[in-house]
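Here's run23.txt, which has compact mmCIF, C-alpha atoms (C1' of nucleotides):
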# COMPACT_ATOMS: atom_id res chain seq x y z
CA MET T 1 69.55 98.80 85.14
CA ALA T 2 69.21 99.84 88.71
CA ARG T 3 67.23 97.50 90.79
CA TRP T 4 66.32 99.70 93.69
CA GLU T 5 66.47 103.45 93.57
CA GLY T 6 68.11 103.92 90.22
CA ASN T 7 70.98 106.27 89.37
CA THR T 8 73.27 104.39 91.72
CA ARG T 9 76.34 106.10 90.36
CA GLY T 10 74.89 109.55 90.85
CA ARG T 11 73.82 108.74 94.39
CA LEU T 12 77.35 107.66 95.25
CA GLU T 13 78.84 110.82 93.73
CA ARG T 14 76.41 113.02 95.61
CA ALA T 15 76.96 111.21 98.92
CA ALA T 16 80.73 111.38 98.51
CA LEU T 17 80.80 115.10 97.73
CA ASP T 18 78.52 115.88 100.67
CA LEU T 19 80.59 113.83 103.09
CA PHE T 20 83.87 115.27 101.85
CA ARG T 21 82.50 118.74 102.47
CA GLU T 22 81.14 117.85 105.90
CA GLN T 23 84.12 115.98 107.33
CA GLY T 24 86.94 116.31 104.86
CA TYR T 25 88.24 113.71 102.44
CA ASP T 26 90.49 111.66 104.70
CA ARG T 27 88.05 111.50 107.58
CA THR T 28 85.30 109.97 105.46
CA THR T 29 85.30 106.27 104.80
CA VAL T 30 84.27 104.49 101.64
CA ALA T 31 81.91 102.52 103.85
CA GLN T 32 80.29 105.79 104.95
CA ILE T 33 79.80 106.93 101.37
CA ALA T 34 78.25 103.62 100.42
CA GLN T 35 76.03 103.61 103.49
CA ARG T 36 74.67 107.09 102.77
CA ALA T 37 73.90 105.96 99.23
CA GLY T 38 72.16 102.88 100.60
CA LEU T 39 74.84 100.45 99.45
CA THR T 40 77.77 98.39 100.68
CA GLU T 41 81.43 99.29 100.55
CA ARG T 42 81.92 96.43 98.08
CA SER T 43 79.37 97.94 95.73
CA PHE T 44 81.15 101.28 95.75
CA TYR T 45 84.13 99.59 94.12
CA ARG T 46 81.89 98.17 91.43
CA TRP T 47 81.18 101.70 90.26
CA PHE T 48 84.50 103.43 90.92
CA ALA T 49 88.03 102.13 90.72
CA ASP T 50 89.05 103.85 93.94
CA LYS T 51 87.97 106.44 96.49
CA ARG T 52 89.31 109.38 94.46
CA GLU T 53 87.65 108.45 91.24
CA VAL T 54 84.20 109.17 92.64
CA LEU T 55 84.69 112.87 91.88
CA PHE T 56 86.02 112.33 88.35
CA GLY T 57 83.41 110.20 86.71
CA GLY T 58 82.50 112.28 83.70
CA ASP T 59 84.46 112.52 80.49
CA ASP T 60 82.44 115.60 79.63
CA LEU T 61 85.25 117.84 78.46
CA GLU T 62 86.73 115.16 76.27
CA ALA T 63 83.32 114.53 74.71
CA CYS T 64 83.05 118.27 74.00
CA TYR T 65 86.48 119.12 72.67
CA LEU T 66 87.36 116.15 70.51
CA PRO T 67 84.36 116.36 68.15
CA ALA T 68 84.77 120.12 68.01
CA ILE T 69 88.37 119.66 66.85
CA GLN T 70 87.34 117.17 64.18
CA ALA T 71 84.60 119.52 63.02
CA ALA T 72 86.92 122.50 62.65
CA PRO T 73 87.31 123.97 59.15
CA GLU T 74 89.88 122.35 56.91
CA GLY T 75 93.36 123.85 56.73
CA LEU T 76 93.11 125.77 59.98
CA GLY T 77 96.31 126.09 62.04
CA ALA T 78 96.81 123.91 65.12
CA LEU T 79 96.30 126.62 67.72
CA PRO T 80 93.24 128.22 66.04
CA THR T 81 91.70 124.77 65.82
CA LEU T 82 92.04 124.34 69.57
CA LEU T 83 90.76 127.82 70.32
CA THR T 84 87.63 127.39 68.22
CA ALA T 85 87.01 124.09 69.98
CA PHE T 86 87.39 125.80 73.35
CA ALA T 87 85.08 128.60 72.30
CA ALA T 88 82.37 126.44 70.79
CA THR T 89 81.90 124.50 73.97
CA PRO T 90 79.41 125.16 76.73
CA GLN T 91 81.08 126.32 79.93
CA VAL T 92 78.78 124.44 82.25
CA LEU T 93 77.81 120.82 81.77
CA ARG T 94 76.61 120.18 85.30
CA PRO T 95 74.78 122.41 87.72
CA ARG T 96 77.13 125.25 88.47
CA GLU T 97 76.87 124.80 92.21
CA PHE T 98 77.96 121.19 91.96
CA LEU T 99 81.05 122.21 90.02
CA ILE T 100 82.00 124.87 92.54
CA GLU T 101 81.58 122.57 95.55
CA ARG T 102 83.59 119.92 93.74
CA ALA T 103 86.37 122.33 92.83
CA THR T 104 86.58 123.56 96.41
CA VAL T 105 86.97 120.07 97.80
CA ILE T 106 89.53 119.11 95.18
CA ALA T 107 91.61 122.22 95.78
CA ALA T 108 91.71 121.44 99.50
CA THR T 109 92.88 117.81 99.34
CA PRO T 110 96.19 116.82 97.73
CA PRO T 111 95.19 113.29 96.68
CA LEU T 112 92.29 114.72 94.71
CA ARG T 113 94.52 117.35 93.14
CA GLU T 114 96.82 114.59 91.94
CA ARG T 115 93.93 112.80 90.30
CA GLU T 116 92.68 116.00 88.69
CA LEU T 117 96.11 116.73 87.24
CA ILE T 118 96.46 113.35 85.59
CA LYS T 119 92.96 113.71 84.17
CA MET T 120 93.95 117.02 82.63
CA VAL T 121 97.18 115.64 81.22
CA THR T 122 95.34 112.68 79.75
CA LEU T 123 92.88 115.04 78.10
CA ALA T 124 95.76 117.14 76.76
CA GLU T 125 97.34 114.03 75.25
CA LYS T 126 94.10 113.30 73.46
CA LEU T 127 94.02 116.85 72.13
CA VAL T 128 97.53 116.33 70.78
CA ALA T 129 96.47 113.10 69.14
CA ALA T 130 93.46 114.81 67.57
CA LEU T 131 95.69 117.52 66.14
CA ILE T 132 98.12 114.97 64.75
CA ASP T 133 95.13 113.24 63.18
CA ARG T 134 94.42 116.43 61.31
CA GLY T 135 97.87 116.39 59.78
CA HIS T 136 99.91 118.54 62.14
CA ASP T 137 103.34 117.26 63.10
CA GLU T 138 103.92 116.04 66.62
CA GLN T 139 105.98 118.90 67.98
CA THR T 140 103.62 121.52 66.65
CA ALA T 141 100.68 119.64 68.13
CA HIS T 142 102.37 119.52 71.53
CA LEU T 143 103.33 123.16 71.43
CA ALA T 144 99.86 124.25 70.32
CA THR T 145 98.27 122.21 73.11
CA ASP T 146 100.58 123.72 75.71
CA ILE T 147 99.81 127.20 74.45
CA GLY T 148 96.11 126.49 74.09
CA THR T 149 95.68 125.20 77.61
CA ALA T 150 97.58 128.20 78.97
CA ILE T 151 95.20 130.49 77.10
CA LEU T 152 92.18 128.50 78.24
CA ARG T 153 93.33 128.69 81.83
CA LEU T 154 93.85 132.43 81.74
CA ALA T 155 90.49 133.05 80.07
CA THR T 156 88.69 130.75 82.52
CA THR T 157 90.38 132.43 85.48
CA ARG T 158 89.17 135.83 84.34
CA TRP T 159 85.70 134.42 83.67
CA ILE T 160 85.50 132.97 87.17
CA LEU T 161 86.75 136.23 88.66
CA GLY T 162 83.61 137.88 87.31
CA ASP T 163 84.53 138.98 83.81
CA ASP T 164 81.24 138.45 81.94
CA THR T 165 82.64 139.15 78.50
CA ASP T 166 81.74 136.74 75.72
CA PHE T 167 84.00 133.72 76.15
CA THR T 168 85.31 133.86 72.59
CA THR T 169 86.49 137.39 73.27
CA LEU T 170 88.09 136.30 76.53
CA LEU T 171 90.02 133.63 74.63
CA ALA T 172 91.14 136.14 72.01
CA THR T 173 92.30 138.59 74.68
CA ALA T 174 94.22 135.89 76.53
CA HIS T 175 95.79 134.81 73.24
CA GLN T 176 96.96 138.36 72.64
CA ASP T 177 98.35 138.59 76.19
CA LEU T 178 100.29 135.39 75.68
CA ARG T 179 101.78 136.65 72.45
CA THR T 180 102.89 139.79 74.26
CA VAL T 181 104.65 137.86 77.02
CA ALA T 182 106.17 135.41 74.55
CA ALA T 183 107.57 138.25 72.45
CA THR T 184 109.95 139.41 75.18
CA MET X 1 123.20 110.04 112.14
CA ALA X 2 122.93 106.56 110.78
CA ARG X 3 123.60 103.92 113.31
CA TRP X 4 124.29 100.94 111.18
CA GLU X 5 125.09 101.16 107.50
CA GLY X 6 124.55 104.83 106.99
CA ASN X 7 122.72 106.50 104.10
CA THR X 8 119.48 104.80 105.11
CA ARG X 9 117.41 107.01 102.84
CA GLY X 10 119.54 106.25 99.82
CA ARG X 11 119.43 102.52 100.50
CA LEU X 12 115.65 102.62 100.59
CA GLU X 13 115.48 104.59 97.33
CA ARG X 14 117.83 102.18 95.62
CA ALA X 15 115.99 99.10 96.89
CA ALA X 16 112.63 100.54 95.84
CA LEU X 17 113.76 101.42 92.32
CA ASP X 18 115.33 98.00 91.82
CA LEU X 19 112.24 96.17 93.05
CA PHE X 20 109.90 98.31 90.97
CA ARG X 21 111.93 97.44 87.90
CA GLU X 22 112.07 93.75 88.74
CA GLN X 23 108.43 93.12 89.66
CA GLY X 24 106.54 96.30 88.91
CA TYR X 25 105.29 98.90 91.35
CA ASP X 26 102.06 97.29 92.53
CA ARG X 27 103.54 93.85 93.01
CA THR X 28 106.24 95.08 95.36
CA THR X 29 105.41 95.59 98.99
CA VAL X 30 106.72 98.28 101.27
CA ALA X 31 107.80 95.44 103.53
CA GLN X 32 109.91 94.04 100.66
CA ILE X 33 111.59 97.39 100.06
CA ALA X 34 112.40 97.76 103.72
CA GLN X 35 113.67 94.21 103.96
CA ARG X 36 116.05 94.63 101.02
CA ALA X 37 117.37 97.78 102.65
CA GLY X 38 117.82 95.90 105.92
CA LEU X 39 114.99 97.65 107.73
CA THR X 40 111.42 97.21 108.85
CA GLU X 41 108.28 98.39 107.09
CA ARG X 42 107.69 100.78 109.96
CA SER X 43 111.06 102.40 109.40
CA PHE X 44 110.29 102.99 105.74
CA TYR X 45 107.50 105.30 106.80
CA ARG X 46 109.88 107.22 109.02
CA TRP X 47 111.79 108.27 105.92
CA PHE X 48 109.01 108.61 103.35
CA ALA X 49 105.43 109.74 103.74
CA ASP X 50 104.09 106.99 101.50
CA LYS X 51 105.12 104.33 99.03
CA ARG X 52 105.17 106.71 96.05
CA GLU X 53 107.30 109.35 97.70
CA VAL X 54 110.34 107.07 97.71
CA LEU X 55 111.07 108.06 94.10
CA PHE X 56 110.59 111.79 94.64
CA GLY X 57 112.88 112.59 97.49
CA GLY X 58 115.01 115.33 96.01
CA ASP X 59 114.05 118.97 95.60
CA ASP X 60 116.96 119.35 93.22
CA LEU X 61 115.24 121.31 90.49
CA GLU X 62 113.70 123.73 92.93
CA ALA X 63 117.08 124.28 94.54
CA CYS X 64 118.50 125.03 91.09
CA TYR X 65 115.87 127.25 89.56
CA LEU X 66 114.80 129.48 92.44
CA PRO X 67 118.25 130.94 93.23
CA ALA X 68 118.88 131.34 89.51
CA ILE X 69 115.70 133.40 89.20
CA GLN X 70 116.66 135.58 92.13
CA ALA X 71 120.11 136.07 90.67
CA ALA X 72 118.84 137.17 87.25
CA PRO X 73 119.74 140.70 86.11
CA GLU X 74 117.48 143.50 87.28
CA GLY X 75 114.68 144.67 84.98
CA LEU X 76 114.59 141.51 82.87
CA GLY X 77 111.20 140.39 81.56
CA ALA X 78 109.40 137.50 83.21
CA LEU X 79 109.95 134.95 80.44
CA PRO X 80 113.62 135.80 79.83
CA THR X 81 114.20 135.49 83.56
CA LEU X 82 112.84 131.94 83.49
CA LEU X 83 114.77 131.01 80.39
CA THR X 84 118.09 132.19 81.78
CA ALA X 85 117.36 130.20 84.93
CA PHE X 86 116.62 127.10 82.84
CA ALA X 87 119.78 127.61 80.81
CA ALA X 88 122.09 128.25 83.73
CA THR X 89 121.24 124.97 85.38
CA PRO X 90 123.04 121.67 85.03
CA GLN X 91 120.98 119.07 83.18
CA VAL X 92 122.03 116.16 85.32
CA LEU X 93 122.09 116.19 89.08
CA ARG X 94 122.17 112.46 89.64
CA PRO X 95 123.86 109.69 87.71
CA ARG X 96 122.23 109.69 84.32
CA GLU X 97 121.42 106.00 84.46
CA PHE X 98 119.51 106.41 87.71
CA LEU X 99 117.39 109.15 86.16
CA ILE X 100 116.57 107.05 83.13
CA GLU X 101 115.58 103.98 85.14
CA ARG X 102 113.47 106.17 87.38
CA ALA X 103 111.76 107.89 84.46
CA THR X 104 110.96 104.54 82.88
CA VAL X 105 109.33 103.20 86.01
CA ILE X 106 107.36 106.40 86.56
CA ALA X 107 106.10 106.47 82.99
CA ALA X 108 104.84 102.91 83.35
CA THR X 109 102.84 103.26 86.57
CA PRO X 110 99.91 105.68 86.88
CA PRO X 111 100.17 106.31 90.63
CA LEU X 112 103.75 107.46 90.16
CA ARG X 113 102.78 109.65 87.24
CA GLU X 114 100.21 111.35 89.44
CA ARG X 115 102.83 112.08 92.04
CA GLU X 116 105.25 113.40 89.44
CA LEU X 117 102.65 115.74 88.02
CA ILE X 118 101.82 117.33 91.34
CA LYS X 119 105.52 117.75 92.02
CA MET X 120 105.87 119.60 88.73
CA VAL X 121 102.85 121.79 89.42
CA THR X 122 104.15 122.61 92.87
CA LEU X 123 107.47 123.61 91.36
CA ALA X 124 105.69 125.74 88.77
CA GLU X 125 103.77 127.52 91.53
CA LYS X 126 107.04 128.35 93.21
CA LEU X 127 108.38 129.74 89.96
CA VAL X 128 105.30 131.96 89.72
CA ALA X 129 105.84 133.15 93.28
CA ALA X 130 109.50 133.89 92.54
CA LEU X 131 108.49 135.97 89.52
CA ILE X 132 105.90 137.87 91.54
CA ASP X 133 108.61 138.51 94.11
CA ARG X 134 110.59 140.23 91.39
CA GLY X 135 107.74 142.64 90.74
CA HIS X 136 105.82 140.98 87.93
CA ASP X 137 102.04 140.93 88.19
CA GLU X 138 100.30 137.65 88.87
CA GLN X 139 98.80 136.98 85.46
CA THR X 140 102.03 137.72 83.66
CA ALA X 141 103.91 135.47 86.05
CA HIS X 142 101.45 132.64 85.39
CA LEU X 143 101.56 133.11 81.66
CA ALA X 144 105.34 133.31 81.57
CA THR X 145 105.60 130.13 83.64
CA ASP X 146 103.19 128.27 81.35
CA ILE X 147 105.15 129.42 78.31
CA GLY X 148 108.50 128.78 79.95
CA THR X 149 107.67 125.21 80.93
CA ALA X 150 106.37 124.51 77.42
CA ILE X 151 109.65 125.77 76.00
CA LEU X 152 111.65 123.79 78.53
CA ARG X 153 109.75 120.63 77.70
CA LEU X 154 110.28 121.01 73.96
CA ALA X 155 113.98 121.75 74.38
CA THR X 156 114.44 118.83 76.78
CA THR X 157 112.60 116.49 74.42
CA ARG X 158 114.91 117.39 71.57
CA TRP X 159 117.94 117.05 73.85
CA ILE X 160 116.86 113.58 74.92
CA LEU X 161 116.21 112.61 71.31
CA GLY X 162 119.88 113.13 70.66
CA ASP X 163 120.20 116.79 69.72
CA ASP X 164 123.58 117.68 71.21
CA THR X 165 123.31 121.39 70.57
CA ASP X 166 124.19 123.74 73.41
CA PHE X 167 121.18 123.80 75.73
CA THR X 168 120.88 127.59 75.65
CA THR X 169 120.54 127.39 71.89
CA LEU X 170 117.96 124.64 72.21
CA LEU X 171 115.94 126.88 74.50
CA ALA X 172 116.18 129.80 72.09
CA THR X 173 115.10 127.63 69.16
CA ALA X 174 112.13 126.27 71.09
CA HIS X 175 111.20 129.80 72.10
CA GLN X 176 111.21 130.83 68.45
CA ASP X 177 109.09 127.80 67.51
CA LEU X 178 106.56 128.67 70.18
CA ARG X 179 106.31 132.24 68.93
CA THR X 180 105.65 130.91 65.44
CA VAL X 181 102.82 128.64 66.58
CA ALA X 182 101.37 131.32 68.84
CA ALA X 183 101.32 133.83 66.00
CA THR X 184 98.74 131.87 64.01
C1' DA E 1 58.28 77.91 83.04
C1' DA E 2 63.25 77.67 82.52
C1' DA E 3 67.44 79.75 81.74
C1' DG E 4 70.27 83.84 81.58
C1' DT E 5 71.90 88.42 83.29
C1' DG E 6 73.30 92.08 86.21
C1' DA E 7 73.49 94.40 90.50
C1' DC E 8 74.10 93.43 95.03
C1' DG E 9 75.50 91.57 99.95
C1' DA E 10 78.57 88.78 102.63
C1' DC E 11 82.59 87.24 103.77
C1' DA E 12 87.76 86.61 103.89
C1' DG E 13 92.14 88.35 102.88
C1' DT E 14 96.13 91.47 101.47
C1' DT E 15 98.29 95.92 101.60
C1' DT E 16 98.87 100.65 102.90
C1' DC E 17 99.50 103.67 106.51
C1' DT E 18 99.34 105.32 111.68
C1' DG E 19 99.89 105.23 116.81
C1' DT E 20 102.40 103.73 120.57
C1' DC E 21 105.83 101.73 123.29
C1' DG E 22 110.17 99.54 124.48
C1' DT E 23 115.20 99.05 123.15
C1' DC E 24 119.69 100.23 122.19
C1' DA E 25 123.63 102.74 120.50
C1' DT E 26 125.67 107.24 120.50
C1' DG E 27 126.81 111.84 122.46
C1' DC E 28 127.02 115.06 126.20
C1' DA E 29 127.19 116.59 131.11
C1' DC E 30 128.96 116.07 135.43
C1' DG B 1 133.43 106.74 134.37
C1' DT B 2 128.51 107.19 135.46
C1' DG B 3 124.13 109.09 134.43
C1' DC B 4 121.08 111.09 131.09
C1' DA B 5 119.24 112.81 126.78
C1' DT B 6 118.49 111.82 121.83
C1' DG B 7 117.44 109.54 117.67
C1' DA B 8 116.86 105.61 114.86
C1' DC B 9 114.89 101.37 115.15
C1' DG B 10 111.82 96.96 116.02
C1' DA B 11 107.55 95.15 117.68
C1' DC B 12 103.25 95.13 118.08
C1' DA B 13 98.11 96.66 117.32
C1' DG B 14 94.72 98.58 114.42
C1' DA B 15 92.08 101.43 110.96
C1' DA B 16 91.16 101.95 106.30
C1' DA B 17 91.77 101.00 101.23
C1' DC B 18 91.21 97.65 97.99
C1' DT B 19 90.44 92.64 95.79
C1' DG B 20 88.59 87.88 95.06
C1' DT B 21 84.94 84.87 95.40
C1' DC B 22 80.49 83.10 96.06
C1' DG B 23 75.61 83.08 96.81
C1' DT B 24 71.15 85.67 96.18
C1' DC B 25 67.57 87.93 94.07
C1' DA B 26 65.03 90.67 90.87
C1' DC B 27 64.25 91.16 86.18
C1' DT B 28 64.50 89.71 81.23
C1' DT B 29 64.56 86.52 77.46
C1' DT B 30 62.98 82.61 75.07
Produce C-alpha cells that represent the structure in this file.
Amino acid sequence: MARWEGNTRGRLERAALDLFREQGYDRTTVAQIAQRAGLTERSFYRWFADKREVLFGGDDLEACYLPAIQAAPEGLGALPTLLTAFAATPQVLRPREFLIERATVIAATPPLRERELIKMVTLAEKLVAALIDRGHDEQTAHLATDIGTAILRLATTRWILGDDTDFTTLLATAHQDLRTVAAT
Amino acid sequence: MARWEGNTRGRLERAALDLFREQGYDRTTVAQIAQRAGLTERSFYRWFADKREVLFGGDDLEACYLPAIQAAPEGLGALPTLLTAFAATPQVLRPREFLIERATVIAATPPLRERELIKMVTLAEKLVAALIDRGHDEQTAHLATDIGTAILRLATTRWILGDDTDFTTLLATAHQDLRTVAAT
DNA sequence: AAAGTGACGACAGTTTCTGTCGTCATGCAC
DNA sequence: GTGCATGACGACAGAAACTGTCGTCACTTT
C-alpha cells in the first residue's frame, strides 16, 4: 500500500485536525496540510474529495447501526429496533480525545457543520431504508427515525454532560421524556 | 436604491435558478449568472456571500414562525405552541412554481443540500430559543422542536403528495401518528 | 527479467472568493 | 446651481480550492 511512511490517510487527518486547531479552518491551506503530512497538495485530493472531507472519513456509525438493525429480533416495532441498535453500539470508536477535538473544530466552523449535517442526514436515510427492508412502511420508518434520532441526541447530550448512567437506561429515560412532551 | 434596472437581487436569483436548471449547478459560473443579470462577477458577491447563497436569500419562514410563537396563548405547552405556529402560517410565500423549481435543483445538487440543511438547523435553533424565552426549560424546548419538525415534515409530505385536507388537520393527524409510533 | 500496478510529484489551468481603487449617477446642503 | 457625500458598480490583481494530465519510481506478478 503505502510506499513511504504508511497510513497516509491517517497522517493527513491528523495533520489537518492539528492545523485547524492551531490556526483555524479557513486560515489553513490544503498545501499546508499536505506538507505537514509529507505530501503534495495534489496527493491530498487523491485521498479526500475536498478540504472538508478530511474530518469525515469514517463510516463508523453506519457500520455499527445497520448490522445491528438487521440483527434485531423479528417482529419488533420500528422505534424499538432503532433503540436497540443505538444501545448495542459502542459509544467510542476512536480515541475519545480525538473525537472531542474534532467536535470542537466542527462546531466552530460553519463549512464543517454543513458537511456534518449532510453526513447525519445521509445516515438517517440509510436507517429509514433499513427499517423499510424489515417490512415497515415508509412513513412509519421516517417517523421512527426522526423520533429515534431525537432520543439518541438527548441521551448523548446527557451522557456528555457527565451522566454516567448505563446508556441503555439513558435511552429509555429519553424515550419516556419524549413521550411526555409528545402527549401534550 | 437600484441605479439601473432595479431589483438587482431578484434578477440575480432568477438568473441563477434558470442557469442551474439549464446546465446544472457546477457547470454554471458565477460570471455567467452575473452576466445574465447584466452585472459583473464582482457585483454578485456584493449581494450574496457565495454561489450557494443565491438560492437561500429569504428568511421567510423565520419571519413567519417566530412572531407566531410569541403570539401564542399564555401557558400553552411547548409542542402545542409550535404546532399552532406551524398551522397559523401561510404555506406559500413565493410563487409556487418558483418554489418547486428551486426545490428540484436543491435536491439534485449536494452542495445546495448542505446549505439547505444548515439553514433548517439554524431555524430550529431559533425555535428552541423562542420556546426557552417563553419559560420552557432547554431540554423540553429541544425535544419539542425535534418532535414538532418531524410532525411538520410528515404533514408537509402528505400535503405535497396531494392531500388537500386543511393543514391544521394534517398537523393533528401527523401528531397522532407520531404518538402511536413513539408509544411502542 | 519484463510487464503491470499504485502512489506520488510536477505542472498547467479553471473557478471561487477577496481586497482595493476609480467611476458615475443620485441625493442633499448651501 | 454648485459642491459634496453616498452607494452601486466595473476593473483589475491575487490567493486559495479544485481538476486534468503526464512522467516517475518503488513494488509485485509472472
Among X:Arg14, X:Thr156, X:Ala108, X:Leu161, Thr173 (chain X) is approached most closely, using only C-alpha atoms, by X:Thr156
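Distance annotation: of B:DA16, B:DA11, B:DA5, B:DA26, the residue with the minimal separation from chain X is B:DA11; atom set is all atoms listed in the file.
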Report task. Residues of chain E near chain X: apply a cut-off of 12 Å, count all atoms listed in the file, and supply the list as a ChimeraX atom specification. Result -> /E:14-19,24-27
Q) Could you list, as JSON, numbers by chain, every residue of chain T that has an atom within 7 Å of an atom of chain X, counting only C-alpha atoms? A) {"T": [77, 79, 80, 114, 115, 117, 118, 143, 144, 146, 147, 150, 178, 179, 181, 182, 184]}
Around (116.3, 106.0, 85.9), as given in the file, which residues come within 12 Å? Count only C-alpha atoms (C1' of nucleotides) and list them as a PyMOL selection string.
chain X and resi 13-14+16-18+20-21+55-56+92+94-107
Interface residues on chain B facing chain T, 12 Å, all atoms listed in the file, written as a short mmCIF file (atom, residue, chain, number, x, y, z; two decimals) with C-alpha atoms (C1' of nucleotides), in the coordinates of the input:
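And here's part-v3.cif as it stands now:
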data_model
loop_
_atom_site.label_atom_id
_atom_site.label_comp_id
_atom_site.auth_asym_id
_atom_site.auth_seq_id
_atom_site.Cartn_x
_atom_site.Cartn_y
_atom_site.Cartn_z
"C1'" DA B 15 92.08 101.43 110.96
"C1'" DA B 16 91.16 101.95 106.30
"C1'" DA B 17 91.77 101.00 101.23
"C1'" DC B 18 91.21 97.65 97.99
"C1'" DT B 19 90.44 92.64 95.79
"C1'" DG B 20 88.59 87.88 95.06
"C1'" DC B 25 67.57 87.93 94.07
"C1'" DA B 26 65.03 90.67 90.87
"C1'" DC B 27 64.25 91.16 86.18
"C1'" DT B 28 64.50 89.71 81.23
#
Edge lengths and centre in Å to one decimal, as JSON, is what I'm after for the box along x, y and z that holds all listed atoms of region 6-9 of chain E once 4 Å is added on each side.
{"center_x": 74.4, "center_y": 93.0, "center_z": 93.1, "size_x": 10.2, "size_y": 10.8, "size_z": 21.7}
Tell me which protein, DNA and RNA residues are within 9 Å of region 65-74 of chain T, counting all atoms listed in the file, leaving out same-chain ones fewer than 2 positions away, and put them as number ranges by chain. T: 60-63, 76, 81-82, 84-86, 88-89, 126-127, 130-131, 133-134
